Amino acid sequence: MSPERIDPPQDRPYYDIRADVWSLGITLIELARRYPYLNTAVQFSLMAEIVRSPAPALSVEDGFTPQFVDFVRLCLIKDVEQRPKYDKLLEHEFIKFHSRVSDKNVVADWYCSNFLDS
(Lines give C-alpha, C1' and ligand atoms only; values in the text may rest on other atoms or scores of the structure.)
Protein backbone atom coordinates (compact mmCIF):
# COMPACT_ATOMS: atom_id res chain seq x y z
CA MET A 1 0.00 0.00 0.00
CA SER A 2 1.37 3.40 -0.95
CA PRO A 3 2.28 6.04 1.62
CA GLU A 4 -0.52 8.36 0.49
CA ARG A 5 -3.12 5.61 0.97
CA ILE A 6 -1.93 5.00 4.55
CA ASP A 7 -1.48 8.64 5.55
CA PRO A 8 -3.25 10.88 3.04
CA PRO A 9 -2.34 14.56 2.98
CA GLN A 10 -5.07 16.71 4.53
CA ASP A 11 -5.17 19.00 1.50
CA ARG A 12 -5.53 16.06 -0.94
CA PRO A 13 -7.23 13.11 0.75
CA TYR A 14 -7.67 11.10 -2.45
CA TYR A 15 -5.34 8.96 -4.48
CA ASP A 16 -4.84 8.15 -8.15
CA ILE A 17 -3.02 5.70 -10.40
CA ARG A 18 0.30 6.61 -8.78
CA ALA A 19 -0.70 4.40 -5.83
CA ASP A 20 -0.54 1.51 -8.32
CA VAL A 21 2.85 2.74 -9.54
CA TRP A 22 4.07 2.41 -5.92
CA SER A 23 2.69 -1.15 -5.84
CA LEU A 24 4.55 -1.95 -9.06
CA GLY A 25 7.79 -0.72 -7.48
CA ILE A 26 7.25 -2.82 -4.35
CA THR A 27 6.45 -5.87 -6.48
CA LEU A 28 9.67 -5.39 -8.45
CA ILE A 29 11.66 -5.09 -5.20
CA GLU A 30 10.04 -8.31 -3.95
CA LEU A 31 10.88 -10.15 -7.17
CA ALA A 32 14.43 -8.81 -7.19
CA ARG A 33 15.41 -9.42 -3.59
CA ARG A 34 12.44 -10.58 -1.49
CA TYR A 35 10.08 -8.71 0.79
CA PRO A 36 11.46 -5.25 1.71
CA TYR A 37 9.83 -4.84 5.14
CA LEU A 38 11.23 -7.76 7.11
CA ASN A 39 11.19 -6.12 10.56
CA THR A 40 7.44 -5.65 10.71
CA ALA A 41 5.50 -8.43 12.42
CA VAL A 42 2.37 -6.35 12.94
CA GLN A 43 0.39 -4.56 10.22
CA PHE A 44 0.43 -1.25 12.09
CA SER A 45 4.22 -1.28 12.31
CA LEU A 46 4.37 -2.14 8.61
CA MET A 47 2.19 0.85 7.73
CA ALA A 48 4.28 3.11 9.97
CA GLU A 49 7.48 1.91 8.29
CA ILE A 50 6.06 2.56 4.82
CA VAL A 51 5.16 6.12 5.80
CA ARG A 52 8.22 7.02 7.93
CA SER A 53 11.15 5.08 6.46
CA PRO A 54 12.94 5.77 3.19
CA ALA A 55 11.54 3.86 0.24
CA PRO A 56 13.16 0.50 -0.47
CA ALA A 57 15.77 0.64 -3.21
CA LEU A 58 17.96 -1.52 -5.40
CA SER A 59 21.54 -0.79 -6.35
CA VAL A 60 23.88 -1.44 -9.22
CA GLU A 61 26.32 -2.92 -6.68
CA ASP A 62 23.80 -5.74 -6.12
CA GLY A 63 23.99 -6.67 -9.79
CA PHE A 64 21.03 -4.75 -11.18
CA THR A 65 21.29 -2.60 -14.28
CA PRO A 66 21.28 1.18 -13.85
CA GLN A 67 18.09 1.37 -15.91
CA PHE A 68 16.26 -1.11 -13.67
CA VAL A 69 17.50 0.61 -10.50
CA ASP A 70 16.28 3.96 -11.81
CA PHE A 71 12.91 2.57 -12.94
CA VAL A 72 12.23 1.09 -9.50
CA ARG A 73 13.42 4.32 -7.85
CA LEU A 74 10.89 6.30 -9.87
CA CYS A 75 8.09 3.91 -8.92
CA LEU A 76 8.94 4.31 -5.24
CA ILE A 77 9.17 8.08 -4.95
CA LYS A 78 7.40 8.79 -1.68
CA ASP A 79 6.06 12.20 -2.68
CA VAL A 80 3.03 11.25 -4.74
CA GLU A 81 3.16 14.56 -6.63
CA GLN A 82 6.68 13.67 -7.84
CA ARG A 83 5.96 10.00 -8.60
CA PRO A 84 5.30 9.51 -12.33
CA LYS A 85 2.15 8.08 -13.79
CA TYR A 86 2.21 5.16 -16.22
CA ASP A 87 2.48 7.31 -19.33
CA LYS A 88 5.81 8.72 -18.12
CA LEU A 89 7.06 5.32 -16.98
CA LEU A 90 6.39 3.91 -20.44
CA GLU A 91 8.93 6.41 -21.79
CA HIS A 92 11.67 5.12 -19.46
CA GLU A 93 14.73 3.48 -21.05
CA PHE A 94 14.18 0.28 -19.04
CA ILE A 95 10.74 -0.21 -20.65
CA LYS A 96 11.88 0.86 -24.10
CA PHE A 97 14.82 -1.55 -24.04
CA HIS A 98 12.79 -4.51 -22.86
CA SER A 99 9.98 -3.86 -25.30
CA ARG A 100 12.59 -4.43 -28.04
CA VAL A 101 14.00 -7.63 -26.54
CA SER A 102 13.03 -10.58 -28.71
CA ASP A 103 13.07 -13.10 -25.84
CA LYS A 104 9.99 -12.16 -23.83
CA ASN A 105 10.75 -14.89 -21.24
CA VAL A 106 13.87 -13.15 -19.92
CA VAL A 107 12.26 -12.20 -16.58
CA ALA A 108 10.74 -15.63 -16.03
CA ASP A 109 14.05 -17.29 -16.91
CA TRP A 110 15.96 -15.00 -14.52
CA TYR A 111 13.50 -15.57 -11.70
CA CYS A 112 13.54 -19.35 -12.10
CA SER A 113 17.33 -19.52 -12.24
CA ASN A 114 17.73 -17.36 -9.11
CA PHE A 115 14.88 -18.40 -6.85
CA LEU A 116 13.54 -21.82 -7.80
CA ASP A 117 15.26 -25.11 -7.21
CA SER A 118 16.33 -26.89 -10.36
# chains A, B, ... in the order shown; residues from 1 in each chain; ligands from 1

call {"tool": "residues_around", "arguments": {"residues": "A:Gly25", "least_positions_apart": "3", "cutoff": "7 Å", "atoms": "only C-alpha atoms", "output": "list in words"}}
result
Val21, Trp22, Leu28, Ile29, Val72, Cys75 and Leu76 of chain A

call {"tool": "residues_around", "arguments": {"residues": "A:Tyr86", "least_positions_apart": "6", "cutoff": "12 Å", "atoms": "only C-alpha atoms", "output": "number ranges by chain"}}
result
A: 16-22, 24-25, 71, 74-75, 92, 95

call {"tool": "closest_residue", "arguments": {"among": "A:Glu4, A:Glu61, A:Tyr35, A:Phe68", "to": "A:Phe97", "atoms": "only C-alpha atoms"}}
result
A:Phe68

call {"tool": "atom_distance", "arguments": {"atom1": "atom CA of A:Lys88", "atom2": "atom CA of A:Ile6"}}
result
24.2 Å

call {"tool": "atom_distance", "arguments": {"atom1": "atom CA of A:Val51", "atom2": "atom CA of A:Tyr15"}}
result
15.0 Å

call {"tool": "select_by_dssp", "arguments": {"residues": "chain A", "states": "alpha helix (DSSP H)", "output": "PyMOL selection string"}}
result
chain A and resi 3-6+18-33+43-52+66-75+86-89+93-100+106-115

call {"tool": "residues_around", "arguments": {"residues": "A:Asn39", "least_positions_apart": "5", "cutoff": "10 Å", "atoms": "only C-alpha atoms", "output": "ChimeraX atom specification"}}
result
/A:45-46,49

call {"tool": "closest_residue", "arguments": {"among": "A:Ser2, A:Trp110, A:Asp7, A:Phe115", "to": "A:Phe64", "atoms": "only C-alpha atoms"}}
result
A:Trp110

call {"tool": "atom_distance", "arguments": {"atom1": "atom CA of A:Val107", "atom2": "atom CA of A:Pro56"}}
result
20.5 Å

call {"tool": "closest_residue", "arguments": {"among": "A:Asp62, A:Phe44, A:Arg52, A:Val106", "to": "A:Asp79", "atoms": "only C-alpha atoms"}}
result
A:Arg52

call {"tool": "closest_residue", "arguments": {"among": "A:Arg12, A:Arg33, A:Lys78, A:Lys85", "to": "A:Ser59", "atoms": "only C-alpha atoms"}}
result
A:Arg33
